[in-house]
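A quick write-up on the structure given underneath.
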Amino acid sequence: MSIDQIQPPVGPDTTAARIPRKRMSLWSLYTRRFVRNRPAVAGIFIFFLLVLFAVIAPFIAKYDHIELDFLNLSTGPTAEHWFGTTSAGNDTFAQVAIGLQRSLMIAVSVSVGTTVLSAIVGTAAAYFGGFIERGILLIIHFLMVIPTFLILALVSNDAGGDWRVISLILILTGWFFPARVIWTMALPLRESEYVNAARYMGVPGMKIVMRHLIPNIGSLLVINFALGVVTAVMAETGLSFLGFGVKIPDVSLGSLIGYGANTISSAPWLFYFPAAALTLLTVSMALVADGLRDALDPTSAAGGQA
Amino acid sequence: MIKYLLRRFVGWMLMIVVATNVTYFLAWGFLDPRSNYVGRRPPLSYDEVTQLLEPRNLSDSVPLVQRWWGWFSDILFRWDWGVSAVGESVNSQVAYRMWISAELVLGATILTTILGIALGVYTASRQYKLADRIGQATSVVTMNINIVVAALGIVLLAIGFNDLVGARVFFVTGSHSQDISGFFPVLLDVLQHLTLPTLALVLVGYAQYHLLQRTLLLDNINADYVRTARAKGLTKQKAIRKHALRTSLIPVATQVAFTIPAIFTGAILTERIFGWNGMGRYFLDTIGKNDIHGVVAVAAFGALLTAIGAILSDIAIVVLDPRVRVS
């Protein structure tokens with residue numbers, strides 16, 4: 001028997017039917033679903049523009065954010081100072097860029113931190129059950145009673161406005177609510193076959209949590225991350241606005257809005273620009289989170305077909 | 001059922017007591033009442049300050065455990081929350097400011113809830129129609145505007161409006177004016193002061209209830225028991241109101257109850273912007289002035305709000321969910 005006889009004849013009419021349509025990869029499925037959500041695409045576009053602005057603007061700005069221009073005190077937007085100046089002569093354009101940078105840095109690091117921490121604690125509580133679960137939930141409920149905003153204010157006031165310390169406290173006070181949500185999401189997974197199989201094969205508990213449970217709620221974590229950015233920006237700007245967060249000479253969007261609030265009728269541009277940056281940042285990130293939910297959540301009907 | 005609620009109540013009370021005590025020790029870790037007397041003219045010596053602080057139970061020369069017991073037993077036996085480093089009574093401060101905050105937070109909470117639920121029901125029964133899409137788009141935006149930006153934006157608009165009309169229709173700062181008497185003048189004055197901050201709180205708050213209520217109602221509209229009701233001849237509106245709404249209200253009620261402390265945090269920012277002398281302002285003052293007893297009282301107040309929220313949500317579930325009552 002020659003090799004020709006084994007291989008079935010391939011005629012031109014059957015080719016099309018035989019070659020299977022290329023299977024869509026998970027990523028292209030997600031992208032397709034995400035792109036279908038127009039506001040989400042707009043959101044990610046705005047977010048990238050903001051990041052770009054935060055990175056590039058300090059280089060093209062004519063002034064440093066701490067440099068004082070004594071010839072222009074409290075002037076509105078001009079060709080020299082695009083966003084105007086403060087009463088001390090700071091260039092608002094450079095300040096907004098640095099403030100946005102700072103707020104973004106805090107927000108992203110806090111959101112990464114809380115997502116990781118809450119994922120581990122939440123899934124561990126769901127997997128181990130028994131007294132570990134009860135203990136973790138008790139701690140979470142207890143932490144919910146302690147007014148975290150007060151602790152945030154106390155500690156960051158003490159830290160003198162170092163943004164790294166602020167990020168750390170925001171992580172430490174921000175993980176328990178998402179952890180509780182993740183716990184409820186991970187509960188059904190505890191009973192699933194592949195987790196049982198791993199358990200009977202003698203895989204240690206923490207390894208099952210890291211290898212099987214957490215990847216399986218990955219989509220939820222991605223959405224949590226995007227929402228966490230919004231929450232962190234809100235918390236940080238709130239603190240900085242009240243004077244407990246980032247402090248002079250460092251600036252963040254919250255502290256800039258705080259200065260702007262004092263001169264809101266005499267020099268409103270000090271409020272307009274950081275407020276616009278802040279609103280664009282939070283709204284765009286929320287739209288992205290919405291789009292991610294549509295794209296990643298298998299139970300969401302909003303994604304339409306495919 | 002009452003036994004269940006009672007048990008929950010006791011559990012929460014214990015949590016509040018523990019949380020308040022933890023805050024007491026935390027506050028001592030971060031605040032120093034002595035620093036209130038630094039820079040006094042004429043300067044006070046270390047011992048003089050100690051002599052001032054010791055009767056107020058705020059001196060670090062006394063061991064922390066002893067200070068704590070003094071503070072705790074005063075609350076336990078005499079409901080006395082102590083005094084600040086300069087001698088103001090915490091009890092009277094909280095008693096006075098609590099109502100100012102309540103005036104703001106209560107109204108805003110009620111309006112936020114009603115508006116959110118009503119919008120949720122309205123848009124859910126018109127899913128994917130124009131009204132639904134517009135409503136959702138606005139909600140996503142307003143929900144993610146920072147309360148500070150929203151409040152200051154409203155201030156700017158109000159200033160513009162006042163200038164346009166040429167009269168002070170809205171008050172941008174303060175919770176009430178001095179020397180106004182008579183029922184209607186006072187009512188008008190309160191409303192003039194309340195409008196803007198309430199508007200700010202409602203603007204950033206209603207959307208979460210709107211979106212939640214919409215999702216939940218949509219889940220329930222297609223449930224079997226609603227379809228049965230429809231098949232028996234109820235109109236769609238009536239079926240939604242009588243059957244679907246009730247079950248979908250349960251999680252919303254829980255959510256509302258649990259956001260009471262969050263509304264209070266939001267009110268800290270709002271009070272600061274609109275110059276209200278409520279608990280939010282007190283919170284900022286006590287931290288700024290190293291007022292340990294005041295800080296702890298604010299924390300206890302916050303914890304109490306959380307507990308009230310939790311218990312209210314339990315009651316709401318009992319009232320709304322027939323399944324709980326049966327078992």
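Ordered as shown in the structure tokens, chains take letters A, B, and onward, while each chain numbers its residues from 1 and ligands are numbered from 1 in the order shown.
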
Query - Ile315 of chain B surroundings by only C-alpha atoms, 10 Å radius, close-in-sequence under 6 positions cut, as a PyMOL selection string - result: chain B and resi 1-2+5+253-254+309+321

Keeping only N, CA, C and O atoms, write those residues as a short mmCIF file (atom, residue, chain, number, x, y, z; two decimals), in the first residue's frame.
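In the end it all went to part23.cif:
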```
data_model
loop_
_atom_site.label_atom_id
_atom_site.label_comp_id
_atom_site.auth_asym_id
_atom_site.auth_seq_id
_atom_site.Cartn_x
_atom_site.Cartn_y
_atom_site.Cartn_z
N MET B 1 -37.97 35.14 66.07
CA MET B 1 -37.47 36.25 65.26
C MET B 1 -36.88 37.35 66.13
O MET B 1 -35.78 37.83 65.88
N ILE B 2 -37.63 37.74 67.19
CA ILE B 2 -37.13 38.78 68.08
C ILE B 2 -35.88 38.30 68.80
O ILE B 2 -34.93 39.05 69.00
N LEU B 5 -32.99 38.77 66.39
CA LEU B 5 -32.56 40.16 66.31
C LEU B 5 -31.82 40.57 67.58
O LEU B 5 -30.82 41.28 67.52
N ALA B 253 -32.18 46.96 50.14
CA ALA B 253 -32.33 47.42 51.52
C ALA B 253 -31.06 47.13 52.33
O ALA B 253 -30.59 47.96 53.10
N THR B 254 -30.49 45.93 52.10
CA THR B 254 -29.25 45.59 52.79
C THR B 254 -28.17 46.58 52.44
O THR B 254 -27.44 47.08 53.31
N GLY B 309 -26.92 50.23 60.94
CA GLY B 309 -27.14 49.84 59.56
C GLY B 309 -27.36 48.35 59.42
O GLY B 309 -28.30 47.89 58.77
N ASP B 321 -38.91 39.70 53.31
CA ASP B 321 -38.78 38.34 52.81
C ASP B 321 -39.69 37.38 53.57
O ASP B 321 -39.42 37.07 54.73
#
```

**Report entry** Contacts of Val204 of chain B at 7 Å (only C-alpha atoms; same-chain gap of 6+ positions) as a list in words
**Finding:**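 Close residues of Val204 of chain B: Thr142, Met143, Ile145 and Ile147 of chain B.
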
Export of the given selection (N, CA, C and O atoms) as a PDB file, in the first residue's frame:
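Resulting contents of out.pdb:
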```
ATOM      1  N   THR B 142     -22.256  59.924  37.069  1.00  0.00           N
ATOM      2  CA  THR B 142     -22.427  60.623  38.352  1.00  0.00           C
ATOM      3  C   THR B 142     -21.883  59.800  39.513  1.00  0.00           C
ATOM      4  O   THR B 142     -21.318  60.340  40.456  1.00  0.00           O
ATOM      5  N   MET B 143     -22.001  58.467  39.407  1.00  0.00           N
ATOM      6  CA  MET B 143     -21.534  57.611  40.490  1.00  0.00           C
ATOM      7  C   MET B 143     -20.029  57.736  40.681  1.00  0.00           C
ATOM      8  O   MET B 143     -19.522  57.571  41.782  1.00  0.00           O
ATOM      9  N   ILE B 145     -18.133  60.447  39.909  1.00  0.00           N
ATOM     10  CA  ILE B 145     -17.601  61.778  40.169  1.00  0.00           C
ATOM     11  C   ILE B 145     -17.257  61.835  41.647  1.00  0.00           C
ATOM     12  O   ILE B 145     -18.033  61.393  42.487  1.00  0.00           O
ATOM     13  N   ILE B 147     -16.997  63.137  45.277  1.00  0.00           N
ATOM     14  CA  ILE B 147     -17.920  63.991  46.029  1.00  0.00           C
ATOM     15  C   ILE B 147     -17.383  65.420  46.158  1.00  0.00           C
ATOM     16  O   ILE B 147     -18.144  66.381  46.117  1.00  0.00           O
TER      17      ILE B 147
END
```

Using only C-alpha atoms and a cut-off of 6 Å, which residues of chain A sit close to chain B? Please list them as an mmCIF file with all heavy atoms, in the first residue's frame.
```
data_model
loop_
_atom_site.group_PDB
_atom_site.id
_atom_site.type_symbol
_atom_site.label_atom_id
_atom_site.label_comp_id
_atom_site.auth_asym_id
_atom_site.auth_seq_id
_atom_site.Cartn_x
_atom_site.Cartn_y
_atom_site.Cartn_z
ATOM 1 N N VAL A 145 -16.178 47.408 61.446
ATOM 2 C CA VAL A 145 -16.737 48.275 62.488
ATOM 3 C C VAL A 145 -15.786 49.423 62.814
ATOM 4 O O VAL A 145 -16.208 50.536 63.082
ATOM 5 C CB VAL A 145 -17.046 47.453 63.764
ATOM 6 C CG1 VAL A 145 -17.594 48.346 64.853
ATOM 7 C CG2 VAL A 145 -18.035 46.359 63.452
ATOM 8 N N ILE A 146 -14.481 49.135 62.788
ATOM 9 C CA ILE A 146 -13.522 50.205 63.065
ATOM 10 C C ILE A 146 -13.582 51.215 61.928
ATOM 11 O O ILE A 146 -13.484 50.850 60.769
ATOM 12 C CB ILE A 146 -12.093 49.630 63.169
ATOM 13 C CG1 ILE A 146 -11.988 48.755 64.415
ATOM 14 C CG2 ILE A 146 -11.069 50.735 63.211
ATOM 15 C CD1 ILE A 146 -10.597 48.253 64.676
ATOM 16 N N PRO A 147 -13.795 52.487 62.235
ATOM 17 C CA PRO A 147 -13.896 53.476 61.166
ATOM 18 C C PRO A 147 -12.544 53.641 60.475
ATOM 19 O O PRO A 147 -11.632 54.265 61.009
ATOM 20 C CB PRO A 147 -14.300 54.757 61.890
ATOM 21 C CG PRO A 147 -14.619 54.362 63.273
ATOM 22 C CD PRO A 147 -13.936 53.082 63.555
ATOM 23 N N ALA A 275 -9.893 69.116 38.804
ATOM 24 C CA ALA A 275 -11.198 68.450 38.919
ATOM 25 C C ALA A 275 -11.518 67.705 37.632
ATOM 26 O O ALA A 275 -12.009 66.574 37.664
ATOM 27 C CB ALA A 275 -12.287 69.468 39.227
ATOM 28 N N THR A 279 -12.067 63.721 37.414
ATOM 29 C CA THR A 279 -13.326 63.159 36.929
ATOM 30 C C THR A 279 -13.079 62.252 35.726
ATOM 31 O O THR A 279 -13.632 61.150 35.641
ATOM 32 C CB THR A 279 -14.297 64.291 36.566
ATOM 33 O OG1 THR A 279 -14.386 65.165 37.682
ATOM 34 C CG2 THR A 279 -15.657 63.757 36.232
ATOM 35 N N THR A 282 -11.565 58.874 37.065
ATOM 36 C CA THR A 282 -12.462 57.920 37.726
ATOM 37 C C THR A 282 -13.536 57.419 36.760
ATOM 38 O O THR A 282 -13.819 56.224 36.716
ATOM 39 C CB THR A 282 -13.129 58.540 38.969
ATOM 40 O OG1 THR A 282 -13.667 59.806 38.624
ATOM 41 C CG2 THR A 282 -12.140 58.702 40.089
ATOM 42 N N VAL A 283 -14.118 58.327 35.980
ATOM 43 C CA VAL A 283 -15.190 57.892 35.081
ATOM 44 C C VAL A 283 -14.645 56.939 34.020
ATOM 45 O O VAL A 283 -15.246 55.899 33.732
ATOM 46 C CB VAL A 283 -15.887 59.109 34.440
ATOM 47 C CG1 VAL A 283 -16.827 58.666 33.335
ATOM 48 C CG2 VAL A 283 -16.659 59.890 35.485
#
```

Query - Polymer residues at most 9 Å from Ile114 of chain B, only C-alpha atoms, same-chain spacing of 4 or more positions, as a list in words - result: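 Counting only C-alpha atoms, the residues come to Thr109, Ile110, Ala118, Leu119, Tyr206 and Tyr209 of chain B.
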
Requested in this report: Write out as a PyMOL selection string all residues of segment 9-229 of chain A that backbone DSSP assigns to alpha helix (DSSP H).
Outcome: chain A and resi 15-18+26-36+38-60+92-128+130-145+148-159+163-174+176-190+193-200+205-208+214-216+218-229

Requested in this report: Considering only C-alpha atoms, return as a ChimeraX atom specification whatever protein or nucleic-acid residues lie within 12 Å of segment 65-78 of chain B, sequence-local ones (same chain, fewer than 3 positions apart) excluded.
Outcome: /B:17-18,20-28,53-62,81-83,90-91,292-294,296-297,300

Selection to disk with N, CA and C atoms, as a compact mmCIF listing (two decimals), in the first residue's frame:
```
# COMPACT_ATOMS: atom_id res chain seq x y z
N VAL B 17 -17.90 47.80 71.43
CA VAL B 17 -17.08 48.01 72.63
C VAL B 17 -15.61 47.70 72.34
N VAL B 18 -15.39 46.55 71.69
CA VAL B 18 -14.00 46.18 71.39
C VAL B 18 -13.37 47.20 70.42
N THR B 20 -14.10 50.28 69.87
CA THR B 20 -13.86 51.57 70.51
C THR B 20 -12.60 51.53 71.37
N ASN B 21 -12.45 50.43 72.09
CA ASN B 21 -11.25 50.32 72.93
C ASN B 21 -9.98 50.22 72.11
N VAL B 22 -10.07 49.49 70.99
CA VAL B 22 -8.90 49.41 70.11
C VAL B 22 -8.54 50.80 69.60
N THR B 23 -9.57 51.56 69.22
CA THR B 23 -9.31 52.91 68.73
C THR B 23 -8.67 53.77 69.81
N TYR B 24 -9.07 53.53 71.04
CA TYR B 24 -8.48 54.30 72.15
C TYR B 24 -6.96 54.12 72.18
N PHE B 25 -6.53 52.86 72.09
CA PHE B 25 -5.09 52.61 72.13
C PHE B 25 -4.40 53.12 70.87
N LEU B 26 -5.07 52.95 69.74
CA LEU B 26 -4.52 53.47 68.48
C LEU B 26 -4.32 54.97 68.57
N ALA B 27 -5.32 55.65 69.10
CA ALA B 27 -5.26 57.10 69.18
C ALA B 27 -4.08 57.54 70.04
N TRP B 28 -3.84 56.81 71.12
CA TRP B 28 -2.69 57.16 71.94
C TRP B 28 -1.38 56.94 71.19
N LEU B 53 -3.00 68.28 82.54
CA LEU B 53 -3.53 67.12 81.82
C LEU B 53 -4.00 66.01 82.75
N GLU B 54 -3.35 65.90 83.91
CA GLU B 54 -3.63 64.75 84.77
C GLU B 54 -5.09 64.66 85.20
N PRO B 55 -5.70 65.74 85.68
CA PRO B 55 -7.12 65.61 86.05
C PRO B 55 -8.01 65.31 84.85
N ARG B 56 -7.54 65.59 83.63
CA ARG B 56 -8.35 65.28 82.45
C ARG B 56 -8.07 63.88 81.93
N ASN B 57 -7.25 63.15 82.67
CA ASN B 57 -6.93 61.77 82.31
C ASN B 57 -6.23 61.71 80.96
N LEU B 58 -5.39 62.71 80.68
CA LEU B 58 -4.72 62.75 79.39
C LEU B 58 -3.21 62.84 79.52
N SER B 59 -2.70 62.62 80.71
CA SER B 59 -1.27 62.80 80.90
C SER B 59 -0.52 61.50 80.65
N ASP B 60 0.57 61.60 79.87
CA ASP B 60 1.35 60.41 79.58
C ASP B 60 2.26 60.00 80.74
N SER B 61 2.18 60.76 81.86
CA SER B 61 2.96 60.34 83.03
C SER B 61 2.27 59.20 83.77
N VAL B 62 0.97 59.04 83.50
CA VAL B 62 0.21 57.95 84.11
C VAL B 62 0.31 56.74 83.17
N TRP B 81 -17.78 60.70 78.40
CA TRP B 81 -16.77 60.34 77.40
C TRP B 81 -15.49 61.16 77.54
N GLY B 82 -15.37 61.89 78.64
CA GLY B 82 -14.12 62.59 78.88
C GLY B 82 -14.11 64.00 78.32
N VAL B 83 -12.96 64.65 78.44
CA VAL B 83 -12.81 66.03 77.97
C VAL B 83 -11.61 66.11 77.04
N VAL B 90 -16.60 66.17 75.77
CA VAL B 90 -16.89 65.43 74.54
C VAL B 90 -18.39 65.19 74.41
N ASN B 91 -19.03 64.84 75.54
CA ASN B 91 -20.48 64.58 75.54
C ASN B 91 -21.26 65.72 74.91
N ILE B 292 -7.80 63.11 72.07
CA ILE B 292 -7.95 61.66 72.04
C ILE B 292 -9.37 61.22 72.39
N HIS B 293 -9.92 61.80 73.44
CA HIS B 293 -11.27 61.39 73.83
C HIS B 293 -12.29 61.70 72.74
N GLY B 294 -12.10 62.82 72.08
CA GLY B 294 -13.00 63.20 71.00
C GLY B 294 -12.89 62.24 69.83
N VAL B 296 -11.94 59.14 69.83
CA VAL B 296 -12.52 57.84 70.16
C VAL B 296 -14.05 57.93 70.13
N ALA B 297 -14.60 59.06 70.58
CA ALA B 297 -16.05 59.22 70.54
C ALA B 297 -16.55 59.21 69.11
N ALA B 300 -16.50 55.67 67.95
CA ALA B 300 -17.61 54.91 68.51
C ALA B 300 -18.90 55.25 67.79
```

Requested in this report: Work out how far apart atom CA of Gly135 of chain A and atom CA of Val121 of chain A are and give it in Å to one decimal.
Outcome: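 It comes out at 11.2 Å.
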
Query raised in the report: Restricting the calculation to only C-alpha atoms, which member of A:Ala295, A:Ala153, A:Val165, A:Leu143 is positioned closest to Arg32 of chain A?
Result: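 Of the candidates, the smallest distance to Arg32 of chain A is held by A:Ala295.
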
**Report entry** Residue contacts of segment 260-264 of chain A (9 Å, only C-alpha atoms) excluding same-chain residues fewer than 3 positions away, as a list in words
**Finding:**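 Residues meeting the cut-off are Thr86, Ser255, Leu256, Ile257, Ala267, Pro268, Trp269, Leu270, Phe271, Tyr272 and Pro274 of chain A; Leu152, Val155, Leu156 and Ile273 of chain B.
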
Got time to write the residues from that selection, all heavy atoms, as a short mmCIF file (atom, residue, chain, number, x, y, z; two decimals), in the first residue's frame?
```
data_model
loop_
_atom_site.label_atom_id
_atom_site.label_comp_id
_atom_site.auth_asym_id
_atom_site.auth_seq_id
_atom_site.Cartn_x
_atom_site.Cartn_y
_atom_site.Cartn_z
N THR A 86 -0.95 79.60 40.53
CA THR A 86 -1.52 79.77 41.87
C THR A 86 -1.11 81.13 42.41
O THR A 86 -0.34 81.85 41.78
CB THR A 86 -0.98 78.69 42.83
OG1 THR A 86 0.41 78.92 43.00
CG2 THR A 86 -1.21 77.31 42.30
N SER A 255 -5.04 67.21 46.77
CA SER A 255 -4.51 68.41 47.43
C SER A 255 -4.66 69.62 46.51
O SER A 255 -4.93 70.73 46.97
CB SER A 255 -3.06 68.19 47.84
OG SER A 255 -2.23 67.97 46.74
N LEU A 256 -4.51 69.42 45.20
CA LEU A 256 -4.69 70.53 44.26
C LEU A 256 -6.12 71.05 44.31
O LEU A 256 -6.35 72.26 44.34
CB LEU A 256 -4.37 70.08 42.83
CG LEU A 256 -2.90 69.89 42.50
CD1 LEU A 256 -2.75 69.41 41.08
CD2 LEU A 256 -2.15 71.18 42.70
N ILE A 257 -7.08 70.12 44.35
CA ILE A 257 -8.48 70.53 44.43
C ILE A 257 -8.72 71.25 45.76
O ILE A 257 -9.48 72.20 45.84
CB ILE A 257 -9.41 69.31 44.26
CG1 ILE A 257 -9.31 68.81 42.83
CG2 ILE A 257 -10.85 69.66 44.60
CD1 ILE A 257 -10.05 67.52 42.57
N ALA A 267 -10.21 82.48 41.77
CA ALA A 267 -9.34 81.85 40.78
C ALA A 267 -9.86 80.45 40.46
O ALA A 267 -9.24 79.45 40.83
CB ALA A 267 -7.89 81.79 41.28
N PRO A 268 -11.00 80.36 39.78
CA PRO A 268 -11.63 79.06 39.58
C PRO A 268 -10.81 78.07 38.76
O PRO A 268 -11.01 76.87 38.87
CB PRO A 268 -12.95 79.40 38.88
CG PRO A 268 -12.75 80.75 38.30
CD PRO A 268 -11.79 81.45 39.17
N TRP A 269 -9.86 78.57 37.95
CA TRP A 269 -9.09 77.62 37.12
C TRP A 269 -8.26 76.67 37.96
O TRP A 269 -7.94 75.58 37.53
CB TRP A 269 -8.20 78.37 36.13
CG TRP A 269 -7.21 79.28 36.79
CD1 TRP A 269 -5.96 78.95 37.22
CD2 TRP A 269 -7.40 80.65 37.11
NE1 TRP A 269 -5.36 80.02 37.80
CE2 TRP A 269 -6.21 81.10 37.74
CE3 TRP A 269 -8.45 81.56 36.92
CZ2 TRP A 269 -6.06 82.40 38.20
CZ3 TRP A 269 -8.27 82.84 37.37
CH2 TRP A 269 -7.10 83.26 38.00
N LEU A 270 -7.93 77.08 39.19
CA LEU A 270 -7.17 76.21 40.07
C LEU A 270 -8.00 74.98 40.44
O LEU A 270 -7.47 73.95 40.84
CB LEU A 270 -6.76 76.94 41.34
CG LEU A 270 -5.76 78.06 41.16
CD1 LEU A 270 -5.42 78.69 42.49
CD2 LEU A 270 -4.51 77.52 40.50
N PHE A 271 -9.34 75.14 40.34
CA PHE A 271 -10.22 74.01 40.62
C PHE A 271 -10.54 73.24 39.34
O PHE A 271 -10.49 72.02 39.32
CB PHE A 271 -11.50 74.52 41.29
CG PHE A 271 -12.63 73.52 41.29
CD1 PHE A 271 -12.54 72.39 42.07
CD2 PHE A 271 -13.75 73.71 40.50
CE1 PHE A 271 -13.57 71.45 42.07
CE2 PHE A 271 -14.77 72.80 40.49
CZ PHE A 271 -14.68 71.66 41.28
N TYR A 272 -10.83 73.98 38.25
CA TYR A 272 -11.29 73.34 37.02
C TYR A 272 -10.36 72.23 36.53
O TYR A 272 -10.80 71.12 36.26
CB TYR A 272 -11.42 74.37 35.89
CG TYR A 272 -12.59 75.30 36.02
CD1 TYR A 272 -12.50 76.64 35.65
CD2 TYR A 272 -13.82 74.84 36.48
CE1 TYR A 272 -13.56 77.50 35.76
CE2 TYR A 272 -14.90 75.69 36.60
CZ TYR A 272 -14.76 77.02 36.24
OH TYR A 272 -15.82 77.87 36.35
N PRO A 274 -7.58 70.39 37.82
CA PRO A 274 -7.45 69.12 38.54
C PRO A 274 -8.78 68.37 38.67
O PRO A 274 -8.80 67.14 38.59
CB PRO A 274 -6.93 69.53 39.92
CG PRO A 274 -7.03 71.00 40.00
CD PRO A 274 -7.11 71.52 38.62
N LEU B 152 -18.09 70.98 44.95
CA LEU B 152 -17.53 72.27 44.54
C LEU B 152 -18.15 72.75 43.23
O LEU B 152 -18.37 73.95 43.04
CB LEU B 152 -16.01 72.16 44.40
CG LEU B 152 -15.27 72.08 45.74
CD1 LEU B 152 -13.81 71.73 45.54
CD2 LEU B 152 -15.38 73.40 46.49
N VAL B 155 -21.28 74.28 44.15
CA VAL B 155 -21.01 75.61 44.73
C VAL B 155 -20.84 76.64 43.63
O VAL B 155 -21.42 77.73 43.67
CB VAL B 155 -19.75 75.57 45.63
CG1 VAL B 155 -19.26 76.97 45.94
CG2 VAL B 155 -20.03 74.81 46.90
N LEU B 156 -20.05 76.29 42.61
CA LEU B 156 -19.82 77.22 41.50
C LEU B 156 -21.13 77.58 40.81
O LEU B 156 -21.39 78.75 40.52
CB LEU B 156 -18.87 76.59 40.49
CG LEU B 156 -17.38 76.79 40.75
CD1 LEU B 156 -16.57 76.01 39.72
CD2 LEU B 156 -17.03 78.26 40.70
N ILE B 273 -16.71 71.24 52.94
CA ILE B 273 -16.88 72.18 51.83
C ILE B 273 -17.94 73.22 52.14
O ILE B 273 -17.78 74.41 51.87
CB ILE B 273 -17.23 71.41 50.54
CG1 ILE B 273 -16.01 70.59 50.10
CG2 ILE B 273 -17.66 72.35 49.43
CD1 ILE B 273 -16.32 69.56 49.04
#
```

Query raised in the report: Got a sec: who's within 6 Å of segment 171-187 of chain B, counting only C-alpha atoms, leaving out chain neighbours fewer than 5 positions off, as a list in words?
Result: Gln192, His193, Phe274, Gly275 and Trp276 of chain B

For the residues in that selection, give me N, CA, C and O atoms as a PDB file, in the first residue's frame.
```pdb
ATOM      1  N   GLN B 192     -32.746  76.621  52.634  1.00  0.00           N
ATOM      2  CA  GLN B 192     -31.754  77.336  51.832  1.00  0.00           C
ATOM      3  C   GLN B 192     -30.345  76.802  52.085  1.00  0.00           C
ATOM      4  O   GLN B 192     -29.518  76.762  51.185  1.00  0.00           O
ATOM      5  N   HIS B 193     -30.089  76.427  53.353  1.00  0.00           N
ATOM      6  CA  HIS B 193     -28.762  75.911  53.671  1.00  0.00           C
ATOM      7  C   HIS B 193     -28.614  74.440  53.299  1.00  0.00           C
ATOM      8  O   HIS B 193     -27.531  73.990  52.971  1.00  0.00           O
ATOM      9  N   PHE B 274     -19.055  72.785  52.744  1.00  0.00           N
ATOM     10  CA  PHE B 274     -20.157  73.707  52.973  1.00  0.00           C
ATOM     11  C   PHE B 274     -20.119  74.348  54.350  1.00  0.00           C
ATOM     12  O   PHE B 274     -21.059  75.045  54.731  1.00  0.00           O
ATOM     13  N   GLY B 275     -19.042  74.094  55.097  1.00  0.00           N
ATOM     14  CA  GLY B 275     -18.875  74.770  56.381  1.00  0.00           C
ATOM     15  C   GLY B 275     -19.909  74.412  57.423  1.00  0.00           C
ATOM     16  O   GLY B 275     -20.401  75.277  58.139  1.00  0.00           O
ATOM     17  N   TRP B 276     -20.267  73.129  57.529  1.00  0.00           N
ATOM     18  CA  TRP B 276     -21.211  72.698  58.559  1.00  0.00           C
ATOM     19  C   TRP B 276     -20.443  72.262  59.791  1.00  0.00           C
ATOM     20  O   TRP B 276     -19.411  71.600  59.679  1.00  0.00           O
TER      21      TRP B 276
END
```

**Report entry** Separation of atom CA of Phe9 of chain B from atom CA of Gly130 of chain A in Å
**Finding:**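 Atom-to-atom, atom CA of Gly130 of chain A to atom CA of Phe9 of chain B, that is 24.2 Å.
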
Quick one: which segment 18-135 of chain A residues come within 7 Å of segment 184-199 of chain A, and what is the nearest atom pair for each with the distance in Å to one decimal, counting only C-alpha atoms, rows ordered by chain and ascending number, as CSV?
```
residue,atom,partner,partner_atom,distance
A:Thr123,CA,A:Ala186,CA,5.7
A:Ala126,CA,A:Leu187,CA,5.2
A:Tyr127,CA,A:Arg190,CA,5.4
```

List as a PDB file with C-alpha atoms, in the first residue's frame the protein and nucleic acid residues near Leu71 of chain A, meaning an atom at most 12 Å away when only C-alpha atoms are counted, but skip any in the same chain fewer than 6 places from it.
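Ended up saving to result.pdb:
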```pdb
ATOM      1  CA  GLU A  80       2.903  81.266  29.190  1.00  0.00           C
ATOM      2  CA  HIS A  81       0.986  79.265  31.797  1.00  0.00           C
ATOM      3  CA  THR A  85      -0.871  79.943  38.141  1.00  0.00           C
ATOM      4  CA  THR A  86      -1.516  79.768  41.866  1.00  0.00           C
ATOM      5  CA  SER A  87      -1.297  82.770  44.159  1.00  0.00           C
ATOM      6  CA  ALA A  88       2.270  81.708  44.994  1.00  0.00           C
ATOM      7  CA  GLY A  89       3.197  81.551  41.316  1.00  0.00           C
ATOM      8  CA  ASN A  90       3.172  77.790  40.767  1.00  0.00           C
ATOM      9  CA  ASP A  91       2.431  76.649  37.239  1.00  0.00           C
TER      10      ASP A  91
END
```
